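What follows is a single structure, written as structure tokens, with notes after it.
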Amino acid sequence: MGDSEMHPNQAAFVEGVDHILSKWTALELAVKHEWGGRSTQDKRDNMVDEISDYFDTLVRKRQTPEPTDLQGLLLDILDDDFSIALEDDSEKEVARLICIVFNECKTGNYATVDRLAAERDAREKQGNSTAAMQSQGNGQQGDSDDSDSGASDSDVSMEE
């Protein structure tokens with residue numbers, strides 16, 4: 001596979017982009033509801049590759065990635081692949097975080113990627129616990145609303 005040949009800094013960057021996109025509510029809703037058609041998940045996965053390729057091109061041209069430049073790419077992908085027109089400016093925060101991860105990874109600093117991975121693992125664990133509680137609670141009275149309310153907190157916020 002190509003990943004084994006990838007430089008560790010580049011592999012960490014790709015992982016970081018994937019983690020950032022997994023927190024982006026607009027994109028995750030598009031994937032969940034298949035707004036991109038039957039190949040929605042593939043389109044989401046390709047988005048990571050497109051972003052990585054974009055940064056590779058900038059590096060080869062010896063240009064510095066800027067969040068404002070990346071925002072246009074993100075908006076184009078969302079519009080073309082998922083028919084989403086954002087009005088919340090969330091692409092600005094996503095682009096800012098991706099640029100932070102890029103700048104850290106190119107120096108071998110994976111702190112943000114590691115933090116994002118830990119947050120994703122915690123969200124997935126919480127989601128699995130919530131799903132298990134809901135399946136056990138079918139037909140029983142309980143406070144299922146409490147378990148649902150905390151699940152989205154980390155998904156909505158892109159703040160560091």
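In the structure tokens, chains take letters A, B, ... by order of appearance, with residues numbered from 1 within each chain and ligands from 1 in the order shown.
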Residue contacts of A:Gly16 (10 Å, only C-alpha atoms) excluding same-chain residues fewer than 6 positions away, as a PDB file with N, CA and C atoms, in the first residue's frame:
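Okay, selection18.pdb is ready:
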ATOM      1  N   GLN A  10       4.065  13.239   6.652  1.00  0.00           N
ATOM      2  CA  GLN A  10       2.929  13.283   5.742  1.00  0.00           C
ATOM      3  C   GLN A  10       1.809  12.361   6.242  1.00  0.00           C
ATOM      4  N   SER A  22     -13.581  14.547  10.640  1.00  0.00           N
ATOM      5  CA  SER A  22     -14.538  13.743  11.406  1.00  0.00           C
ATOM      6  C   SER A  22     -15.277  14.583  12.442  1.00  0.00           C
ATOM      7  N   VAL A  48     -10.021  13.831   1.940  1.00  0.00           N
ATOM      8  CA  VAL A  48      -8.747  13.806   2.672  1.00  0.00           C
ATOM      9  C   VAL A  48      -7.597  13.799   1.664  1.00  0.00           C
ATOM     10  N   LEU A  97      -7.482  24.902  11.334  1.00  0.00           N
ATOM     11  CA  LEU A  97      -6.963  23.724  12.043  1.00  0.00           C
ATOM     12  C   LEU A  97      -6.093  22.854  11.139  1.00  0.00           C
ATOM     13  N   ILE A  98      -6.496  22.685   9.893  1.00  0.00           N
ATOM     14  CA  ILE A  98      -5.703  21.885   8.958  1.00  0.00           C
ATOM     15  C   ILE A  98      -4.338  22.533   8.749  1.00  0.00           C
ATOM     16  N   ILE A 100      -2.743  24.456  10.871  1.00  0.00           N
ATOM     17  CA  ILE A 100      -1.988  24.256  12.111  1.00  0.00           C
ATOM     18  C   ILE A 100      -1.366  22.866  12.119  1.00  0.00           C
ATOM     19  N   VAL A 101      -2.164  21.855  11.791  1.00  0.00           N
ATOM     20  CA  VAL A 101      -1.666  20.477  11.761  1.00  0.00           C
ATOM     21  C   VAL A 101      -0.547  20.348  10.732  1.00  0.00           C
ATOM     22  N   PHE A 102      -0.714  20.959   9.570  1.00  0.00           N
ATOM     23  CA  PHE A 102       0.332  20.897   8.538  1.00  0.00           C
ATOM     24  C   PHE A 102       1.636  21.485   9.061  1.00  0.00           C
ATOM     25  N   CYS A 105       3.139  19.164  11.688  1.00  0.00           N
ATOM     26  CA  CYS A 105       3.623  17.881  11.152  1.00  0.00           C
ATOM     27  C   CYS A 105       4.886  18.047  10.326  1.00  0.00           C
ATOM     28  N   TYR A 110       3.638  16.074  16.402  1.00  0.00           N
ATOM     29  CA  TYR A 110       2.340  15.433  16.189  1.00  0.00           C
ATOM     30  C   TYR A 110       1.392  15.648  17.370  1.00  0.00           C
ATOM     31  N   THR A 112      -0.927  17.927  18.108  1.00  0.00           N
ATOM     32  CA  THR A 112      -2.326  18.186  17.771  1.00  0.00           C
ATOM     33  C   THR A 112      -2.967  16.953  17.160  1.00  0.00           C
ATOM     34  N   VAL A 113      -2.250  16.241  16.313  1.00  0.00           N
ATOM     35  CA  VAL A 113      -2.786  15.013  15.718  1.00  0.00           C
ATOM     36  C   VAL A 113      -3.081  13.994  16.818  1.00  0.00           C
ATOM     37  N   ASP A 114      -2.180  13.853  17.767  1.00  0.00           N
ATOM     38  CA  ASP A 114      -2.395  12.918  18.871  1.00  0.00           C
ATOM     39  C   ASP A 114      -3.612  13.325  19.702  1.00  0.00           C
ATOM     40  N   ARG A 115      -3.752  14.627  19.951  1.00  0.00           N
ATOM     41  CA  ARG A 115      -4.911  15.121  20.724  1.00  0.00           C
ATOM     42  C   ARG A 115      -6.201  14.850  19.961  1.00  0.00           C
ATOM     43  N   LEU A 116      -6.195  15.132  18.658  1.00  0.00           N
ATOM     44  CA  LEU A 116      -7.386  14.890  17.839  1.00  0.00           C
ATOM     45  C   LEU A 116      -7.737  13.401  17.802  1.00  0.00           C
ATOM     46  N   ALA A 117      -6.723  12.546  17.744  1.00  0.00           N
ATOM     47  CA  ALA A 117      -6.963  11.097  17.747  1.00  0.00           C
ATOM     48  C   ALA A 117      -7.585  10.663  19.072  1.00  0.00           C
TER      49      ALA A 117
END
Would you please give, as a PyMOL selection string, all residues of stretch 34-97 of chain A that DSSP assigns to helix (DSSP H, G or I) based on the backbone? chain A and resi 40-60+67-82+90-97
Check the smallest atom-to-atom distance from each of A:Val14, A:Ser90, A:Gly127, A:Asp81 to A:Tyr54 using only C-alpha atoms, then report the winner.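 Checking each candidate against A:Tyr54, we get A:Val14 as the closest.
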Mind giving me the straight-line distance from atom CA of A:Thr40 to atom CA of A:Phe55 in Å, one decimal?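 So the two atoms, atom CA of A:Thr40 and atom CA of A:Phe55, lie 23.1 Å apart.
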If you measure from atom CA of A:Val31 to atom CA of A:Glu66, what distance in Å do you get, rounded to one decimal?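 Taking atom CA of A:Val31 and atom CA of A:Glu66, their separation equals 26.6 Å.
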Name the residues in contact with A:Leu75 at a cut-off of 12 Å, using only C-alpha atoms, excluding same-chain residues fewer than 3 positions from it; report them as a PyMOL selection string. chain A and resi 26-27+47+51+68-72+78-92+94-95
Between A:Glu124, A:Glu104, A:Glu119, A:Asp49, single out the one closest to A:His19, counting only C-alpha atoms.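 Of A:Glu124, A:Glu104, A:Glu119, A:Asp49, the one nearest A:His19, counting only C-alpha atoms, is A:Glu119.
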